[in-house]
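The structure under discussion appears below in the form of structure tokens.
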Amino acid sequence: MLMITITKKQAAQFILAKQGLTGSYRFVGKSGAYEYIRQAGCIQYDPVDVCGRNAELTLQSRVKGFSKTMLQELLYEDRKLVDYADKELSIWPSEDWPYFSSYRERSVKLGRTFRGLKPLENKALAYIKEYGPVSSDSLPIEGEIFWHSSMHWSGNWQKKSQAARSVLEQLYTDGKLVIHHKKGSRKYYDLAERYLPSSVLNAENPCKDEEEFLAWRVLRRIGAAGLLWDKNSTAFLGIDVNADKRKHILEHLTAAGKICPVSVEGIKQVFYYLSCDDSLMQSVIDGTADLKPRMSFIAPLDPLMWDKAMILALWDFQYSWEIYTPAVKRKYGYYTLPVLFGDRFVGRIESVPDRKNGVLEVRGLWWKPGVRPTKKMNAALERALKDFARFNDCKSVLLKADN
């Protein structure tokens, strides 16, 4: 296959257009939120809620009219989405359940290695069948056990854990339970068979072996990012691939016509994009792509930010999530979000909603060095803050930042 060469600017424009972060909104309302997650394959869940949780922030930046209730409905009413492991704990389409058969089979095998766990599982299932959704606090199983969390495939460790919590997590990773709902970070579980149709629960694994499953996951991550390079990348987190295996999978997917290689000027690594996005790539190259600029605040674990080294290489923007950095060592704020305008990262922002008074407080706004806000950019910022305030149930914005 003939490899094309593009500039860094074209690579950036392609990624943003693919992800729905530039031009006219491609994703609108609840159906748009679902379609975006189908495109991305998964979005990461994180329980921290400063100005919205990560999954909600990911959707608000690219789904017109998105509200937090839309995601809750898709997860816990419509059941079009599930919470489950993928790139850490993630949210992904229920229709992909059969692909993760090997995850669940491995979880079942690991669970069998813990003496005394099986009777507790039977007790938990019987209780849930009779009484419905439970959390670790409401399940009447007491004590502690030494247990290995099946969600962490690479970990070869055990920990002493609350028995009720361990049993619920084991049954959850086995696929016998699903998350019924969450209250804050607390999870409530119920029987999977009550919420997922038998056509999904009992479907055969579409992948004939583990190698095919890995290739499917790599393909999905490329689709989520838009472009990924042949390099160790945090975008592949949760997928058991080393350099040789990654190279083999990329070559196989290229030969199968599922991905296209592309060279980016000034970068030695080859990049790949989905073959089905070839028309979008061509429109970026010939200048006909819809690249109308708008401003967005990007989630810390957004698919766009999965590979921060690639962000630095393509945009010359270095982002660090400082939530776990001691306050005295932070350069910016506790929960800053990258600010995107058009095809550029122009800065970062820290905003915290005062929901009691209905005010979104902007505590920090740092423009990227060399960026000089224009009248057009300031107007875009005003619109973005107004939308972000509404997203956080606030009616007004208070600019406290003087950065």
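Each chain in the structure tokens gets a letter, A, B, ..., in the order shown, and its residues are numbered from 1; ligands are numbered from 1 in order too.
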
- Please, which residues of stretch 235-364 of chain A, numbered as in this document, come out strand (DSSP E or B) from DSSP, as an MDAnalysis selection string? chainID A and resid 259:264 271:274 295:297 337:341 344:354 359:364

- Task: Per DSSP on the backbone, filter stretch 170-265 of chain A down to the residues in helix (DSSP H, G or I) and report them as number ranges by chain.
- Result: A: 170-174, 192-194, 198-201, 210-225, 234-236, 243-255

- Using only C-alpha atoms, find the one residue out of A:Lys386, A:Tyr99, A:Glu265, A:Asn392 that sits nearest to A:Arg217.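 Nearest to A:Arg217: A:Tyr99.
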
- Residues at most 8 Å from A:Ser101, counting only C-alpha atoms, excluding those fewer than 4 positions away in the same chain, as a list in words?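 Those residues are Trp97, Glu105 and Asn205 of chain A.
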
Generate a file of the selected residues that holds N, CA and C atoms, formatted as a tab-separated table (two decimals), in the first residue's frame.
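Output file selection.tsv follows:
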chain	number	residue	atom	x	y	z
A	97	TRP	N	-20.56	-6.82	24.32
A	97	TRP	CA	-20.43	-7.80	25.40
A	97	TRP	C	-19.82	-9.13	24.94
A	105	GLU	N	-14.23	-15.32	31.14
A	105	GLU	CA	-13.76	-16.70	31.35
A	105	GLU	C	-12.52	-16.71	32.24
A	205	ASN	N	-18.52	-15.73	21.12
A	205	ASN	CA	-17.45	-14.76	20.97
A	205	ASN	C	-17.14	-14.60	19.48

- Query: Which residue gives the smallest distance to A:Leu280 among A:Ala192, A:Ala163, A:Ala11, A:Ile349, with only C-alpha atoms counted?
  - Reply: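 Of A:Ala192, A:Ala163, A:Ala11, A:Ile349, the one nearest A:Leu280 is A:Ala11, counting only C-alpha atoms.
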
- Query: If you count only C-alpha atoms, which residues fall within 12 Å of A:Ala256, apart from same-chain ones fewer than 6 positions away, as number ranges by chain?
  - Reply: A: 1, 215, 219, 249-250, 274-275

Since we have the selection now, will you write its residues out, keeping C-alpha atoms, as a PDB file, in the first residue's frame?
ATOM      1  CA  MET A   1       0.000   0.000   0.000  1.00  0.00           C
ATOM      2  CA  ALA A 215      -6.428  -7.137  16.920  1.00  0.00           C
ATOM      3  CA  LEU A 219      -8.425  -1.519  15.784  1.00  0.00           C
ATOM      4  CA  ILE A 249      -1.073  -6.739  14.644  1.00  0.00           C
ATOM      5  CA  LEU A 250      -0.629  -3.471  12.748  1.00  0.00           C
ATOM      6  CA  LEU A 274      -9.101   3.308   9.934  1.00  0.00           C
ATOM      7  CA  SER A 275      -9.577   2.581   6.231  1.00  0.00           C
TER       8      SER A 275
END

- Please measure the separation of atom CA of A:Glu210 and atom CA of A:Asp83, giving the value in Å to one decimal.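 Answer for the atom CA of A:Glu210 to atom CA of A:Asp83 separation: 22.0 Å.
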
- Task: Using atom CA of A:Ile298 and atom CA of A:Tyr25 as the two end points, give the distance in Å to one decimal.
- Result: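 Value for the atom CA of A:Ile298-atom CA of A:Tyr25 distance: 15.5 Å.
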
- Query: Any idea what's packed within 12 Å of A:Leu253, counting only C-alpha atoms, ignoring anything in its chain fewer than 2 positions away? Could you give it as a list of chain:residue names?
  - Reply: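 With the cut-off at 12 Å, the set is A:Glu211, A:Glu212, A:Leu214, A:Ala215, A:Trp216, A:Arg217, A:Val218, A:Leu219, A:Arg220, A:Ile222, A:Arg246, A:Lys247, A:His248, A:Ile249, A:Leu250, A:Glu251, A:Ala255, A:Ala256, A:Gly257, A:Lys258, A:Ile259, A:Cys260, A:Pro261, A:Tyr272, A:Tyr273, A:Leu274, A:Ser275.
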
Residues just named, written with C-alpha atoms as a PDB file, in the first residue's frame:
ATOM      1  CA  GLU A 211      -4.903 -12.881  18.856  1.00  0.00           C
ATOM      2  CA  GLU A 212      -8.042 -11.930  16.955  1.00  0.00           C
ATOM      3  CA  LEU A 214      -6.259  -8.264  20.550  1.00  0.00           C
ATOM      4  CA  ALA A 215      -6.428  -7.137  16.920  1.00  0.00           C
ATOM      5  CA  TRP A 216     -10.056  -6.099  17.391  1.00  0.00           C
ATOM      6  CA  ARG A 217      -9.122  -4.063  20.451  1.00  0.00           C
ATOM      7  CA  VAL A 218      -6.168  -2.377  18.724  1.00  0.00           C
ATOM      8  CA  LEU A 219      -8.425  -1.519  15.784  1.00  0.00           C
ATOM      9  CA  ARG A 220     -10.973  -0.048  18.177  1.00  0.00           C
ATOM     10  CA  ILE A 222      -7.155   3.465  16.594  1.00  0.00           C
ATOM     11  CA  ARG A 246       1.892  -4.547  18.228  1.00  0.00           C
ATOM     12  CA  LYS A 247       3.918  -4.468  15.013  1.00  0.00           C
ATOM     13  CA  HIS A 248       2.517  -7.857  13.972  1.00  0.00           C
ATOM     14  CA  ILE A 249      -1.073  -6.739  14.644  1.00  0.00           C
ATOM     15  CA  LEU A 250      -0.629  -3.471  12.748  1.00  0.00           C
ATOM     16  CA  GLU A 251       0.851  -5.302   9.772  1.00  0.00           C
ATOM     17  CA  ALA A 255      -2.796  -6.350   4.984  1.00  0.00           C
ATOM     18  CA  ALA A 256      -6.468  -7.022   5.732  1.00  0.00           C
ATOM     19  CA  GLY A 257      -7.341  -3.530   4.489  1.00  0.00           C
ATOM     20  CA  LYS A 258      -8.716  -2.385   7.841  1.00  0.00           C
ATOM     21  CA  ILE A 259      -6.175   0.366   8.530  1.00  0.00           C
ATOM     22  CA  CYS A 260      -4.025   2.688   6.419  1.00  0.00           C
ATOM     23  CA  PRO A 261      -0.461   3.747   7.222  1.00  0.00           C
ATOM     24  CA  TYR A 272      -2.350   4.452  11.263  1.00  0.00           C
ATOM     25  CA  TYR A 273      -6.001   5.343  10.760  1.00  0.00           C
ATOM     26  CA  LEU A 274      -9.101   3.308   9.934  1.00  0.00           C
ATOM     27  CA  SER A 275      -9.577   2.581   6.231  1.00  0.00           C
TER      28      SER A 275
END

- Task: Give the answer as one residue: which of A:Val134, A:Ala224, A:Ala389, A:Cys42 has the shortest atom-to-atom distance to A:Lys183, using only C-alpha atoms?
- Result: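 Looking at the shortest contact to A:Lys183, the residue is A:Val134.
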
- Item | Distance query stretch 334-344 of chain A at most 6 Å, only C-alpha atoms, self and fewer than 3 positions along chain excluded, as a PyMOL selection string | chain A and resi 13+293-299+322-323+347-350

- Task: Tell me which of A:Leu110, A:Leu365, A:Leu237, A:Leu360 sits closest to A:Leu398, counting only C-alpha atoms.
- Result: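 Looking at the shortest contact to A:Leu398, the residue is A:Leu360.
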
Give me, as JSON lines, the closest atom pair and its distance (Å, one decimal) for every residue of stretch 290-327 of chain A within a cut-off of 7 Å of stretch 225-236 of chain A, counting only C-alpha atoms, rows sorted by chain and rising number.
{"residue": "A:Pro303", "atom": "CA", "partner": "A:Ala225", "partner_atom": "CA", "distance": 5.8}
{"residue": "A:Leu304", "atom": "CA", "partner": "A:Ala225", "partner_atom": "CA", "distance": 6.0}
{"residue": "A:Trp306", "atom": "CA", "partner": "A:Ala235", "partner_atom": "CA", "distance": 4.9}
{"residue": "A:Asp307", "atom": "CA", "partner": "A:Thr234", "partner_atom": "CA", "distance": 5.4}

- Message: Just want the 10 Å neighbourhood of A:Ser24, counted on only C-alpha atoms, with same-chain residues fewer than 4 positions away dropped. Output as a list in words.
- Response: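 Final neighbour list, sorted by chain and number: Ala17, Gly20, Arg62, Lys64, Asp290, Leu291, Lys292, Pro293 and Arg294 of chain A.
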
- Would you please work out which residue, of A:Pro326, A:Lys208, A:Ile37, A:Gln170, is nearest to A:Thr113 when using only C-alpha atoms?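 Smallest separation from A:Thr113 among the options: A:Gln170.
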
- Query: Using only C-alpha atoms, which of the listed residues (A:Arg79, A:Lys187, A:Lys109, A:Lys123) sits closest to A:Pro47?
  - Reply: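 Among the listed residues, the smallest separation from A:Pro47 belongs to A:Lys187.
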